[in-house]
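One file, final-v7.csv, carrying CSV, C-alpha atoms and all ligand atoms:
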```
chain,number,residue,atom,x,y,z
G,20,MET,CA,7.7,2.1,-21.3
G,21,ASN,CA,4.4,0.4,-22.4
G,22,ILE,CA,3.4,-2.6,-20.3
G,23,LEU,CA,0.6,-5.0,-21.2
G,24,GLY,CA,-1.0,-6.5,-18.1
G,25,ILE,CA,-3.0,-9.8,-18.1
G,26,GLU,CA,-5.2,-10.9,-15.2
G,27,THR,CA,-7.2,-14.1,-15.1
G,28,SER,CA,-6.8,-15.2,-11.4
G,29,CYS,CA,-10.5,-15.8,-10.8
G,30,ASP,CA,-13.5,-15.2,-13.0
G,31,ASP,CA,-12.7,-11.9,-14.8
G,32,THR,CA,-10.7,-12.0,-18.0
G,33,SER,CA,-8.8,-8.7,-18.2
G,34,ALA,CA,-6.0,-7.0,-20.3
G,35,SER,CA,-4.7,-3.5,-20.0
G,36,VAL,CA,-2.0,-1.3,-21.4
G,37,VAL,CA,-0.3,1.3,-19.1
G,38,VAL,CA,2.5,3.9,-19.5
G,39,GLY,CA,3.8,4.8,-16.1
G,40,THR,CA,0.8,4.8,-13.8
G,41,ARG,CA,-1.4,6.1,-16.7
G,42,VAL,CA,-3.9,3.6,-18.0
G,43,LEU,CA,-4.3,3.6,-21.8
G,44,SER,CA,-6.8,0.8,-21.8
G,45,ASN,CA,-8.4,-1.6,-19.3
G,46,VAL,CA,-10.7,-4.2,-20.8
G,47,VAL,CA,-12.5,-6.6,-18.4
G,48,SER,CA,-14.9,-9.4,-19.4
G,49,SER,CA,-16.9,-10.7,-16.4
G,50,GLN,CA,-18.1,-14.3,-16.2
G,51,ASP,CA,-21.0,-13.6,-13.8
G,52,ASP,CA,-23.5,-15.1,-16.3
G,53,VAL,CA,-21.5,-18.4,-16.3
G,54,HIS,CA,-21.4,-18.8,-12.5
G,55,ALA,CA,-24.7,-17.2,-11.4
G,56,ALA,CA,-26.6,-20.5,-11.7
G,57,TYR,CA,-24.2,-22.2,-9.3
G,58,GLY,CA,-24.1,-19.5,-6.6
G,59,GLY,CA,-20.3,-19.2,-6.8
G,60,VAL,CA,-17.3,-19.6,-9.1
G,61,VAL,CA,-16.9,-23.0,-10.7
G,62,PRO,CA,-13.1,-23.3,-11.4
G,63,GLU,CA,-13.3,-25.6,-14.4
G,64,LEU,CA,-15.9,-23.3,-16.1
G,65,ALA,CA,-13.9,-20.2,-15.3
G,66,ALA,CA,-10.7,-21.6,-16.9
G,67,ARG,CA,-12.7,-22.6,-20.1
G,68,ARG,CA,-14.2,-19.2,-20.4
G,69,HIS,CA,-10.8,-17.5,-20.0
G,70,LEU,CA,-9.5,-19.7,-22.8
G,71,GLU,CA,-12.4,-18.6,-25.1
G,72,SER,CA,-12.0,-14.9,-24.4
G,73,ILE,CA,-8.3,-14.1,-23.6
G,74,GLN,CA,-7.2,-13.5,-27.2
G,75,SER,CA,-10.0,-11.1,-28.1
G,76,ILE,CA,-9.6,-9.3,-24.7
G,77,VAL,CA,-5.9,-8.7,-25.3
G,78,THR,CA,-6.5,-7.5,-28.9
G,79,ARG,CA,-9.1,-5.1,-27.7
G,80,ALA,CA,-6.8,-3.8,-25.0
G,81,ILE,CA,-4.0,-3.1,-27.6
G,82,GLU,CA,-6.4,-1.5,-30.0
G,83,SER,CA,-8.2,0.7,-27.6
G,84,ALA,CA,-4.8,1.8,-26.2
G,85,GLY,CA,-4.0,3.0,-29.8
G,86,ILE,CA,-0.7,1.1,-30.0
G,87,ASP,CA,0.7,-1.8,-31.9
G,88,TYR,CA,2.0,-5.1,-30.4
G,89,GLY,CA,5.5,-3.9,-31.4
G,90,ASP,CA,5.2,-0.9,-29.1
G,91,LEU,CA,5.1,-3.2,-26.0
G,92,ASP,CA,8.2,-3.2,-23.8
G,93,ALA,CA,7.1,-5.9,-21.3
G,94,VAL,CA,4.2,-8.3,-20.5
G,95,ALA,CA,3.0,-8.5,-16.9
G,96,VAL,CA,0.8,-11.4,-15.7
G,97,THR,CA,-0.9,-12.4,-12.5
G,98,ARG,CA,0.9,-15.4,-11.0
G,99,GLY,CA,-1.3,-15.9,-7.9
G,100,PRO,CA,-3.0,-16.3,-5.6
G,101,GLY,CA,-5.9,-17.6,-7.5
G,102,LEU,CA,-7.5,-20.6,-9.3
G,103,VAL,CA,-4.6,-22.4,-10.9
G,104,GLY,CA,-6.5,-23.4,-14.0
G,105,SER,CA,-7.5,-19.8,-14.5
G,106,LEU,CA,-4.0,-18.5,-13.8
G,107,LEU,CA,-2.5,-20.9,-16.3
G,108,VAL,CA,-4.6,-19.5,-19.2
G,109,GLY,CA,-3.4,-15.9,-18.6
G,110,MET,CA,0.1,-17.1,-18.1
G,111,ALA,CA,0.2,-19.1,-21.3
G,112,ALA,CA,-1.2,-16.2,-23.3
G,113,ALA,CA,1.4,-13.8,-21.7
G,114,GLU,CA,4.2,-16.1,-22.3
G,115,GLY,CA,3.3,-16.7,-25.9
G,116,LEU,CA,3.2,-12.9,-26.5
G,117,ALA,CA,6.5,-12.2,-24.6
G,118,VAL,CA,8.3,-14.8,-26.6
G,119,ARG,CA,6.9,-13.6,-29.9
G,120,LEU,CA,7.7,-9.9,-29.2
G,121,ASP,CA,11.0,-10.8,-27.5
G,122,VAL,CA,10.1,-8.7,-24.3
G,123,PRO,CA,10.4,-9.6,-20.6
G,124,LEU,CA,7.6,-11.6,-19.0
G,125,LEU,CA,7.0,-10.3,-15.5
G,126,GLY,CA,5.1,-12.3,-12.8
G,127,VAL,CA,2.9,-10.2,-10.5
G,128,SER,CA,1.2,-10.9,-7.2
G,129,HIS,CA,-2.5,-10.3,-7.5
G,130,LEU,CA,-2.6,-8.9,-4.0
G,131,GLU,CA,0.3,-6.5,-4.8
G,132,GLY,CA,-1.8,-5.3,-7.7
G,133,HIS,CA,-4.7,-4.6,-5.4
G,134,VAL,CA,-2.7,-2.8,-2.7
G,135,LEU,CA,-1.0,-0.6,-5.3
G,136,SER,CA,-4.2,0.1,-7.2
G,137,PRO,CA,-4.8,3.4,-5.2
G,138,LEU,CA,-1.7,4.8,-7.0
G,139,ILE,CA,-3.3,4.4,-10.4
G,140,GLU,CA,-5.0,7.7,-10.7
G,141,THR,CA,-4.2,9.4,-7.4
G,142,ARG,CA,-1.1,10.7,-5.6
G,143,ILE,CA,-0.8,9.1,-2.2
G,144,GLU,CA,2.3,9.3,0.0
G,145,PHE,CA,3.9,6.3,1.6
G,146,PRO,CA,3.2,4.9,4.1
G,147,PHE,CA,-0.5,4.3,3.7
G,148,LEU,CA,-3.0,1.7,5.0
G,149,CYS,CA,-4.8,-0.3,2.4
G,150,LEU,CA,-8.0,-2.2,3.3
G,151,LEU,CA,-8.4,-4.9,0.7
G,152,VAL,CA,-11.9,-6.2,0.7
G,153,SER,CA,-13.0,-8.6,-2.1
G,154,GLY,CA,-14.7,-11.9,-2.6
G,155,GLY,CA,-11.3,-13.7,-2.3
G,156,HIS,CA,-9.6,-11.6,0.4
G,157,THR,CA,-10.1,-9.4,3.4
G,158,ALA,CA,-7.0,-7.9,5.0
G,159,LEU,CA,-5.6,-4.6,6.1
G,160,TYR,CA,-2.0,-3.8,4.9
G,161,LEU,CA,0.5,-1.2,5.8
G,162,VAL,CA,2.1,-0.2,2.5
G,163,ARG,CA,5.5,1.3,3.5
G,164,ASP,CA,6.7,1.5,-0.1
G,165,VAL,CA,6.4,-0.4,-3.3
G,166,GLY,CA,7.5,-3.9,-2.4
G,167,ASP,CA,7.5,-3.3,1.3
G,168,TYR,CA,4.2,-4.4,3.0
G,169,LEU,CA,3.1,-5.6,6.4
G,170,GLU,CA,-0.2,-7.4,7.2
G,171,VAL,CA,-1.9,-5.5,10.0
G,172,ALA,CA,-5.1,-7.5,10.0
G,173,ALA,CA,-6.6,-10.4,8.2
G,174,THR,CA,-9.8,-12.5,8.3
G,175,ARG,CA,-9.9,-15.7,10.3
G,176,ASP,CA,-12.6,-17.3,8.1
G,177,ASP,CA,-14.7,-15.7,5.4
G,178,SER,CA,-13.9,-12.7,3.4
G,179,ALA,CA,-16.2,-9.7,3.5
G,180,GLY,CA,-17.3,-10.3,-0.1
G,181,GLU,CA,-18.1,-14.0,0.7
G,182,ALA,CA,-20.2,-12.9,3.7
G,183,PHE,CA,-22.2,-10.6,1.4
G,184,ASP,CA,-22.5,-13.3,-1.2
G,185,LYS,CA,-23.6,-16.0,1.2
G,186,ALA,CA,-26.1,-13.6,2.9
G,187,ALA,CA,-27.5,-12.8,-0.6
G,188,LYS,CA,-27.9,-16.5,-1.3
G,189,MET,CA,-29.8,-17.1,1.9
G,190,LEU,CA,-32.1,-14.2,1.0
G,191,GLY,CA,-32.6,-15.4,-2.6
G,192,LEU,CA,-30.9,-12.3,-4.1
G,193,GLY,CA,-28.7,-14.1,-6.6
G,194,TYR,CA,-24.9,-14.2,-7.1
G,195,PRO,CA,-22.8,-12.2,-6.6
G,196,GLY,CA,-25.0,-10.5,-4.1
G,197,GLY,CA,-23.1,-7.7,-2.5
G,198,ARG,CA,-24.5,-5.1,-4.9
G,199,ALA,CA,-28.1,-6.3,-4.3
G,200,ILE,CA,-27.7,-6.1,-0.6
G,201,ASP,CA,-26.2,-2.6,-0.9
G,202,ARG,CA,-29.1,-1.5,-3.1
G,203,LEU,CA,-31.8,-3.0,-0.8
G,204,ALA,CA,-30.2,-1.5,2.3
G,205,LYS,CA,-30.6,2.0,1.1
G,206,GLY,CA,-33.0,3.9,3.3
G,207,ALA,CA,-33.6,0.8,5.5
G,208,ARG,CA,-33.0,0.5,9.3
G,209,SER,CA,-29.4,-0.6,10.0
G,210,ASP,CA,-30.3,-1.0,13.7
G,211,ALA,CA,-33.4,-3.2,13.1
G,212,ILE,CA,-31.6,-6.4,13.9
G,213,ALA,CA,-28.7,-6.7,16.4
G,214,PHE,CA,-26.2,-8.9,14.4
G,215,PRO,CA,-23.0,-9.7,16.3
G,216,ARG,CA,-19.7,-7.8,15.8
G,217,ALA,CA,-17.2,-10.6,16.3
G,218,ARG,CA,-13.9,-10.2,18.2
G,219,VAL,CA,-11.2,-12.8,18.0
G,220,ARG,CA,-9.7,-13.7,21.3
G,221,ARG,CA,-6.1,-12.5,21.7
G,222,ASP,CA,-6.2,-10.7,18.3
G,223,ASP,CA,-8.3,-7.6,18.5
G,224,MET,CA,-7.3,-6.6,14.9
G,225,ALA,CA,-8.5,-9.9,13.2
G,226,PHE,CA,-11.7,-10.0,11.2
G,227,SER,CA,-14.2,-12.9,11.5
G,228,PHE,CA,-17.4,-13.1,9.5
G,229,SER,CA,-18.5,-16.7,9.9
G,230,GLY,CA,-20.5,-16.0,13.1
G,231,LEU,CA,-22.4,-13.2,11.4
G,232,LYS,CA,-23.4,-15.6,8.6
G,233,THR,CA,-24.7,-18.1,11.2
G,234,ALA,CA,-26.5,-15.3,13.0
G,235,LEU,CA,-28.3,-14.4,9.8
G,236,TRP,CA,-29.2,-18.0,9.2
G,237,ASP,CA,-30.6,-18.4,12.7
G,238,TYR,CA,-32.5,-15.1,12.3
G,239,LEU,CA,-34.1,-16.2,9.0
G,240,ARG,CA,-35.1,-19.6,10.5
G,241,SER,CA,-36.7,-18.1,13.6
G,242,HIS,CA,-38.6,-15.3,11.8
G,243,PRO,CA,-39.7,-17.0,8.6
G,244,ALA,CA,-42.9,-15.0,8.1
G,245,THR,CA,-42.0,-11.6,9.4
G,246,ILE,CA,-38.7,-10.6,7.9
G,247,ASP,CA,-38.2,-7.3,6.3
G,248,VAL,CA,-35.6,-8.0,3.6
G,249,GLU,CA,-34.5,-4.3,3.4
G,250,ASP,CA,-33.9,-4.1,7.2
G,251,VAL,CA,-32.1,-7.4,7.2
G,252,CYS,CA,-29.8,-6.2,4.4
G,253,ALA,CA,-29.1,-2.9,6.1
G,254,SER,CA,-28.4,-4.5,9.5
G,255,PHE,CA,-26.2,-7.2,8.0
G,256,GLN,CA,-24.3,-4.7,5.9
G,257,GLU,CA,-23.8,-2.4,9.0
G,258,ALA,CA,-22.3,-5.3,11.0
G,259,ILE,CA,-19.7,-5.8,8.2
G,260,VAL,CA,-18.9,-2.2,7.7
G,261,ASP,CA,-18.6,-1.6,11.5
G,262,ALA,CA,-16.0,-4.4,11.7
G,263,LEU,CA,-14.0,-3.0,8.7
G,264,MET,CA,-14.1,0.6,10.0
G,265,ASP,CA,-13.2,-0.4,13.6
G,266,ARG,CA,-10.0,-2.1,12.5
G,267,CYS,CA,-9.1,0.7,10.1
G,268,ALA,CA,-9.6,3.4,12.7
G,269,ARG,CA,-7.6,1.5,15.3
G,270,ALA,CA,-4.7,0.8,12.9
G,271,MET,CA,-4.6,4.5,11.9
G,272,ASP,CA,-4.4,5.5,15.5
G,273,ARG,CA,-1.9,2.9,16.6
G,274,LEU,CA,0.4,3.2,13.7
G,275,ASP,CA,-0.1,7.0,13.4
G,276,VAL,CA,-0.7,6.7,9.6
G,277,PRO,CA,-3.2,9.4,8.4
G,278,ARG,CA,-3.8,7.8,4.9
G,279,LEU,CA,-6.3,5.0,4.1
G,280,ALA,CA,-7.1,3.4,0.8
G,281,ILE,CA,-9.8,0.9,0.2
G,282,ALA,CA,-9.6,-1.6,-2.7
G,283,GLY,CA,-11.3,-4.8,-3.9
G,284,GLY,CA,-14.9,-5.4,-5.1
G,285,VAL,CA,-16.5,-4.6,-1.7
G,286,SER,CA,-15.1,-1.1,-1.8
G,287,ALA,CA,-17.9,-0.3,-4.2
G,288,ASN,CA,-20.3,-0.6,-1.2
G,289,SER,CA,-22.0,2.7,-0.7
G,290,ARG,CA,-22.3,2.4,3.1
G,291,LEU,CA,-18.6,1.5,3.4
G,292,ARG,CA,-17.6,4.5,1.3
G,293,ALA,CA,-19.9,6.8,3.3
G,294,ARG,CA,-18.6,5.5,6.7
G,295,ALA,CA,-15.0,5.7,5.5
G,296,THR,CA,-15.5,9.3,4.3
G,297,GLU,CA,-17.1,10.2,7.7
G,298,MET,CA,-14.3,8.5,9.6
G,299,LEU,CA,-11.5,10.3,7.7
G,300,GLU,CA,-13.3,13.7,8.2
G,301,ARG,CA,-13.4,13.0,11.9
G,302,HIS,CA,-9.9,11.7,12.1
G,303,GLY,CA,-8.3,14.0,9.6
G,304,GLY,CA,-6.2,12.5,6.8
G,305,GLN,CA,-6.5,11.3,3.2
G,306,LEU,CA,-9.0,8.7,2.0
G,307,VAL,CA,-8.4,7.1,-1.4
G,308,LEU,CA,-11.2,5.2,-3.0
G,309,PRO,CA,-9.9,4.0,-6.4
G,310,ALA,CA,-12.4,4.2,-9.4
G,311,PRO,CA,-14.6,1.1,-9.3
G,312,ALA,CA,-13.0,-0.3,-12.5
G,313,PHE,CA,-9.7,-0.4,-10.6
G,314,CYS,CA,-11.2,-1.9,-7.4
G,315,THR,CA,-12.6,-5.1,-8.9
G,316,ASP,CA,-10.2,-7.5,-10.5
G,317,ASN,CA,-8.5,-5.8,-13.4
G,318,ALA,CA,-5.3,-6.0,-15.4
G,319,ALA,CA,-4.4,-2.3,-15.1
G,320,MET,CA,-3.4,-2.9,-11.4
G,321,ILE,CA,-1.2,-5.8,-12.5
G,322,ALA,CA,0.6,-3.7,-15.2
G,323,VAL,CA,0.9,-0.7,-12.8
G,324,ALA,CA,2.4,-2.9,-10.1
G,325,ALA,CA,4.9,-4.3,-12.6
G,326,MET,CA,5.7,-0.8,-13.7
G,327,LEU,CA,6.2,0.5,-10.2
G,328,ARG,CA,8.5,-2.4,-9.3
G,329,ALA,CA,10.5,-1.8,-12.5
G,330,GLU,CA,10.9,1.9,-11.8
G,331,ARG,CA,12.5,1.0,-8.5
G,332,ALA,CA,14.6,-1.8,-10.0
G,333,LEU,CA,12.8,-4.4,-7.7
G,334,PRO,CA,12.9,-8.0,-8.8
G,335,HIS,CA,9.9,-9.4,-10.5
G,336,ASP,CA,8.2,-12.7,-9.6
G,337,PRO,CA,8.9,-15.7,-11.8
G,338,PRO,CA,5.9,-16.4,-14.2
G,339,VAL,CA,4.8,-19.5,-12.4
G,340,ALA,CA,1.2,-20.0,-11.3
G,341,VAL,CA,0.6,-20.5,-7.6
G,342,ALA,CA,-2.7,-21.0,-5.8
G,343,ARG,CA,-1.5,-19.5,-2.5
G,344,LEU,CA,0.8,-16.5,-2.4
G,345,PRO,CA,0.8,-14.4,0.8
G,346,LEU,CA,1.7,-10.8,0.2
G,347,ALA,CA,3.4,-9.7,3.5
G,348,PRO,CA,4.6,-10.9,6.9
G,349,ARG,CA,2.2,-10.3,9.8
G,350,MET,CA,2.9,-7.2,11.8
G,351,THR,CA,3.3,-8.3,15.5
G,352,ALA,CA,2.7,-6.3,18.7
G,353,LEU,CA,0.2,-3.8,17.4
G,354,ALA,CA,-0.6,-2.5,20.8
U,401,LIG,O1,-12.7,-7.8,-6.2
U,401,LIG,P1,-13.8,-8.6,-6.7
U,401,LIG,O2,-14.5,-8.1,-8.0
U,401,LIG,O3,-13.4,-10.1,-7.0
U,401,LIG,C1,-12.6,-10.8,-6.1
U,401,LIG,O4,-11.4,-10.8,-6.2
U,401,LIG,O5,-13.3,-11.5,-5.3
U,401,LIG,O6,-14.9,-8.7,-5.6
U,401,LIG,C2,-16.1,-9.3,-5.7
U,401,LIG,C3,-16.9,-9.2,-4.4
U,401,LIG,C4,-18.2,-10.0,-4.4
U,401,LIG,O7,-18.2,-10.8,-3.2
U,401,LIG,C5,-19.3,-9.0,-4.5
U,401,LIG,O8,-20.5,-9.4,-3.8
U,401,LIG,C6,-18.7,-7.8,-3.8
U,401,LIG,O9,-17.3,-7.8,-4.2
U,401,LIG,N1,-19.3,-6.6,-4.1
U,401,LIG,C7,-20.0,-5.8,-3.2
U,401,LIG,C8,-20.5,-4.7,-3.9
U,401,LIG,N2,-20.1,-4.8,-5.2
U,401,LIG,C9,-19.4,-5.9,-5.3
U,401,LIG,N3,-20.2,-6.0,-1.9
U,401,LIG,C10,-20.9,-5.1,-1.2
U,401,LIG,N4,-21.4,-4.0,-1.8
U,401,LIG,C11,-21.3,-3.8,-3.1
U,401,LIG,N5,-21.8,-2.7,-3.7
U,402,ZN,ZN,-8.9,-9.6,-6.5
```
Could you render the structure from this file as structure tokens?
Amino acid sequence: MNILGIETSCDDTSASVVVGTRVLSNVVSSQDDVHAAYGGVVPELAARRHLESIQSIVTRAIESAGIDYGDLDAVAVTRGPGLVGSLLVGMAAAEGLAVRLDVPLLGVSHLEGHVLSPLIETRIEFPFLCLLVSGGHTALYLVRDVGDYLEVAATRDDSAGEAFDKAAKMLGLGYPGGRAIDRLAKGARSDAIAFPRARVRRDDMAFSFSGLKTALWDYLRSHPATIDVEDVCASFQEAIVDALMDRCARAMDRLDVPRLAIAGGVSANSRLRARATEMLERHGGQLVLPAPAFCTDNAAMIAVAAMLRAERALPHDPPVAVARLPLAPRMTALA
């Protein structure tokens, strides 16, 4: 079964062809050049750029998969969560193709795509924990099976990616800034500045990054002439990675699940990858870090999620765009 996936939930236009969990093609066109000047994604501009590029991205995905349109058995498309204007572009393209080819049109949750992305190239047994850390989301999920998820932890305010991007903006490092902070932090002192590690009262699993952002702002204002940007980056990054690793370690202990996957754009962070590797060596267990192309927004994860649901005869979502679409109920009493 060949599935074409289409993903346009935010600012990446992507199309991919998969057979099973094997990826035949995965074409992604980033819009960083469009949004960099604004320091964040501008929804109207994102939708327009998707419209300009979707047709050629789909054609490239079909061609580089070495198949014809007639070989497709289904079209899977991200239905949300995301920017509605952006989602609608992908959905219209997917619907047009599905009607023309007379194949099913399958709606897919963007978050389900991310939490199943560790299964793209690697074997990992269920249940596993999946830390999803991107610009749009920061949450830890217990993945009991395809279609069976519980939210173990989530952020109360900013996502980890947003925290990196806002810090980079304050430091004048451009947008998106996570990669720049990662690069500058290499070799610098991660204990140079004591940034706070926030705890949320009555929920010791929750993430909170807004106080960290304020702490950085205060630090920059009170030390205008003396800051060492590399040390600031390393210390700020360490505070984020500490929070992420703390919740992962505690969830692994409390739930007795020895498998952890990390997905989303922030999983490209070299310090997070090193700390997760160390933690799993200490703890024992399996760590899955999907290839970077499957961590950032991509259509392969959408097609694979649709495929895995189809294999288990699970129902698909209707192809209706929605801005908010929670993936899983909150796990209670994680003591
Ligand atoms: O998953 P993604 O490509 O898009 C969203 O769905 O948001 O994630 C983008 C986020 C941005 O906030 C970016 O700064 C962050 O991932 N990011 C990083 C690194 N590479 C990308 N953050 C920290 N370190 C990196 N190396
Ligand atoms: Zn995403």
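Straight-line separation from CA of Pro215 (chain G) to CA of Leu235 (chain G): 9.6 Å.
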**Complete:** note - atom O8 of ligand LIG 401 (chain U) and CA of Ala179 (chain G) are separated by 8.5 Å
**Prompt:** Once you count only C-alpha atoms and all ligand atoms, which residues end up within 10 Å of ligand LIG 401 (chain U), and could you hand them over as number ranges by chain?
**Reply:** G: 28-31, 49, 59-60, 101, 129-130, 133, 151-157, 178-187, 193-202, 256, 259-260, 282-292, 311-317
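For region 306-308 of chain G, the list of residues within 6 Å, based on all atoms listed in the file and with local chain neighbours fewer than 2 positions off taken out, reads G:Leu279, G:Ala280, G:Ile281.
Minimum atom-to-atom distances from G:Val61, G:Leu125, G:Ala268, G:Val276 to Arg301 (chain G) were compared using only C-alpha atoms, and the lowest value belongs to G:Ala268.
In this model, the gap between CA of Pro338 (chain G) and CA of Leu120 (chain G) comes to 16.4 Å.
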Could you pull the residues within 12 Å of Val36 (chain G), counting only C-alpha atoms, minus those fewer than 2 positions along the same chain, as a short mmCIF file (atom, residue, chain, number, x, y, z; two decimals) with C-alpha atoms, in the frame of the given file?
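See around_15.cif below for the written result:
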```
data_model
loop_
_atom_site.label_atom_id
_atom_site.label_comp_id
_atom_site.auth_asym_id
_atom_site.auth_seq_id
_atom_site.Cartn_x
_atom_site.Cartn_y
_atom_site.Cartn_z
CA MET G 20 7.70 2.10 -21.30
CA ASN G 21 4.40 0.40 -22.40
CA ILE G 22 3.40 -2.60 -20.30
CA LEU G 23 0.60 -5.00 -21.20
CA GLY G 24 -1.00 -6.50 -18.10
CA ILE G 25 -3.00 -9.80 -18.10
CA GLU G 26 -5.20 -10.90 -15.20
CA SER G 33 -8.80 -8.70 -18.20
CA ALA G 34 -6.00 -7.00 -20.30
CA VAL G 38 2.50 3.90 -19.50
CA GLY G 39 3.80 4.80 -16.10
CA THR G 40 0.80 4.80 -13.80
CA ARG G 41 -1.40 6.10 -16.70
CA VAL G 42 -3.90 3.60 -18.00
CA LEU G 43 -4.30 3.60 -21.80
CA SER G 44 -6.80 0.80 -21.80
CA ASN G 45 -8.40 -1.60 -19.30
CA VAL G 46 -10.70 -4.20 -20.80
CA ILE G 76 -9.60 -9.30 -24.70
CA VAL G 77 -5.90 -8.70 -25.30
CA THR G 78 -6.50 -7.50 -28.90
CA ARG G 79 -9.10 -5.10 -27.70
CA ALA G 80 -6.80 -3.80 -25.00
CA ILE G 81 -4.00 -3.10 -27.60
CA GLU G 82 -6.40 -1.50 -30.00
CA SER G 83 -8.20 0.70 -27.60
CA ALA G 84 -4.80 1.80 -26.20
CA GLY G 85 -4.00 3.00 -29.80
CA ILE G 86 -0.70 1.10 -30.00
CA ASP G 87 0.70 -1.80 -31.90
CA TYR G 88 2.00 -5.10 -30.40
CA ASP G 90 5.20 -0.90 -29.10
CA LEU G 91 5.10 -3.20 -26.00
CA ASP G 92 8.20 -3.20 -23.80
CA ALA G 93 7.10 -5.90 -21.30
CA VAL G 94 4.20 -8.30 -20.50
CA ALA G 95 3.00 -8.50 -16.90
CA VAL G 96 0.80 -11.40 -15.70
CA ASN G 317 -8.50 -5.80 -13.40
CA ALA G 318 -5.30 -6.00 -15.40
CA ALA G 319 -4.40 -2.30 -15.10
CA MET G 320 -3.40 -2.90 -11.40
CA ILE G 321 -1.20 -5.80 -12.50
CA ALA G 322 0.60 -3.70 -15.20
CA VAL G 323 0.90 -0.70 -12.80
CA ALA G 325 4.90 -4.30 -12.60
CA MET G 326 5.70 -0.80 -13.70
#
```
**Request:** Give as a PyMOL selection string each residue that has an atom at most 12 Å from (-34.6, -16.7, 0.0) in the file, counting only C-alpha atoms.
**Result:** chain G and resi 185-193+235-236+239-240+243-244+246-248
**Request:** Extract, using all atoms listed in the file, all DNA, RNA and protein residues at most 9 Å from Tyr168 (chain G), discarding same-chain residues fewer than 5 positions from it, and format them as JSON, numbers by chain.
**Result:** {"G": [131, 160, 161, 162, 163, 346, 347, 348]}
**Request:** Using all atoms listed in the file, determine which residues lie at most 10 Å from Met271 (chain G), disregarding the query and same-chain residues fewer than 2 positions distant; provide the list as a ChimeraX atom specification.
**Result:** /G:147-148,161,266-269,273-279,299,302,304
Give me a file of those residues, with C-alpha atoms, as a tab-separated table (two decimals), in the frame of the given file.
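Result written to again09.tsv:
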```
chain	number	residue	atom	x	y	z
G	147	PHE	CA	-0.50	4.30	3.70
G	148	LEU	CA	-3.00	1.70	5.00
G	161	LEU	CA	0.50	-1.20	5.80
G	266	ARG	CA	-10.00	-2.10	12.50
G	267	CYS	CA	-9.10	0.70	10.10
G	268	ALA	CA	-9.60	3.40	12.70
G	269	ARG	CA	-7.60	1.50	15.30
G	273	ARG	CA	-1.90	2.90	16.60
G	274	LEU	CA	0.40	3.20	13.70
G	275	ASP	CA	-0.10	7.00	13.40
G	276	VAL	CA	-0.70	6.70	9.60
G	277	PRO	CA	-3.20	9.40	8.40
G	278	ARG	CA	-3.80	7.80	4.90
G	279	LEU	CA	-6.30	5.00	4.10
G	299	LEU	CA	-11.50	10.30	7.70
G	302	HIS	CA	-9.90	11.70	12.10
G	304	GLY	CA	-6.20	12.50	6.80
```
**Request:** Excluding Arg349 (chain G) and any residue of its chain fewer than 5 positions from it, enumerate the residues within 10 Å of it, using all atoms listed in the file, and give them as a PyMOL selection string.
**Result:** chain G and resi 160+168-173
What would region 287-297 of chain G look like with N, CA and C atoms restored, written as a compact mmCIF listing (two decimals), keeping the file's coordinate frame?
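Result file is result_32.txt:
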```
# COMPACT_ATOMS: atom_id res chain seq x y z
N ALA G 287 -16.81 -1.02 -3.49
CA ALA G 287 -17.90 -0.30 -4.20
C ALA G 287 -19.11 -0.12 -3.31
N ASN G 288 -19.11 -0.74 -2.12
CA ASN G 288 -20.30 -0.60 -1.20
C ASN G 288 -20.51 0.80 -0.77
N SER G 289 -21.72 1.29 -0.99
CA SER G 289 -22.00 2.70 -0.70
C SER G 289 -21.91 3.05 0.74
N ARG G 290 -22.33 2.13 1.60
CA ARG G 290 -22.30 2.40 3.10
C ARG G 290 -20.84 2.42 3.54
N LEU G 291 -20.01 1.50 3.03
CA LEU G 291 -18.60 1.50 3.40
C LEU G 291 -17.92 2.79 2.98
N ARG G 292 -18.24 3.24 1.77
CA ARG G 292 -17.60 4.50 1.30
C ARG G 292 -18.07 5.67 2.11
N ALA G 293 -19.36 5.71 2.49
CA ALA G 293 -19.90 6.80 3.30
C ALA G 293 -19.23 6.81 4.69
N ARG G 294 -19.17 5.63 5.30
CA ARG G 294 -18.60 5.50 6.70
C ARG G 294 -17.11 5.86 6.64
N ALA G 295 -16.39 5.43 5.60
CA ALA G 295 -15.00 5.70 5.50
C ALA G 295 -14.75 7.23 5.35
N THR G 296 -15.59 7.86 4.54
CA THR G 296 -15.50 9.30 4.30
C THR G 296 -15.71 10.04 5.65
N GLU G 297 -16.78 9.64 6.38
CA GLU G 297 -17.10 10.20 7.70
C GLU G 297 -15.89 10.04 8.66
```
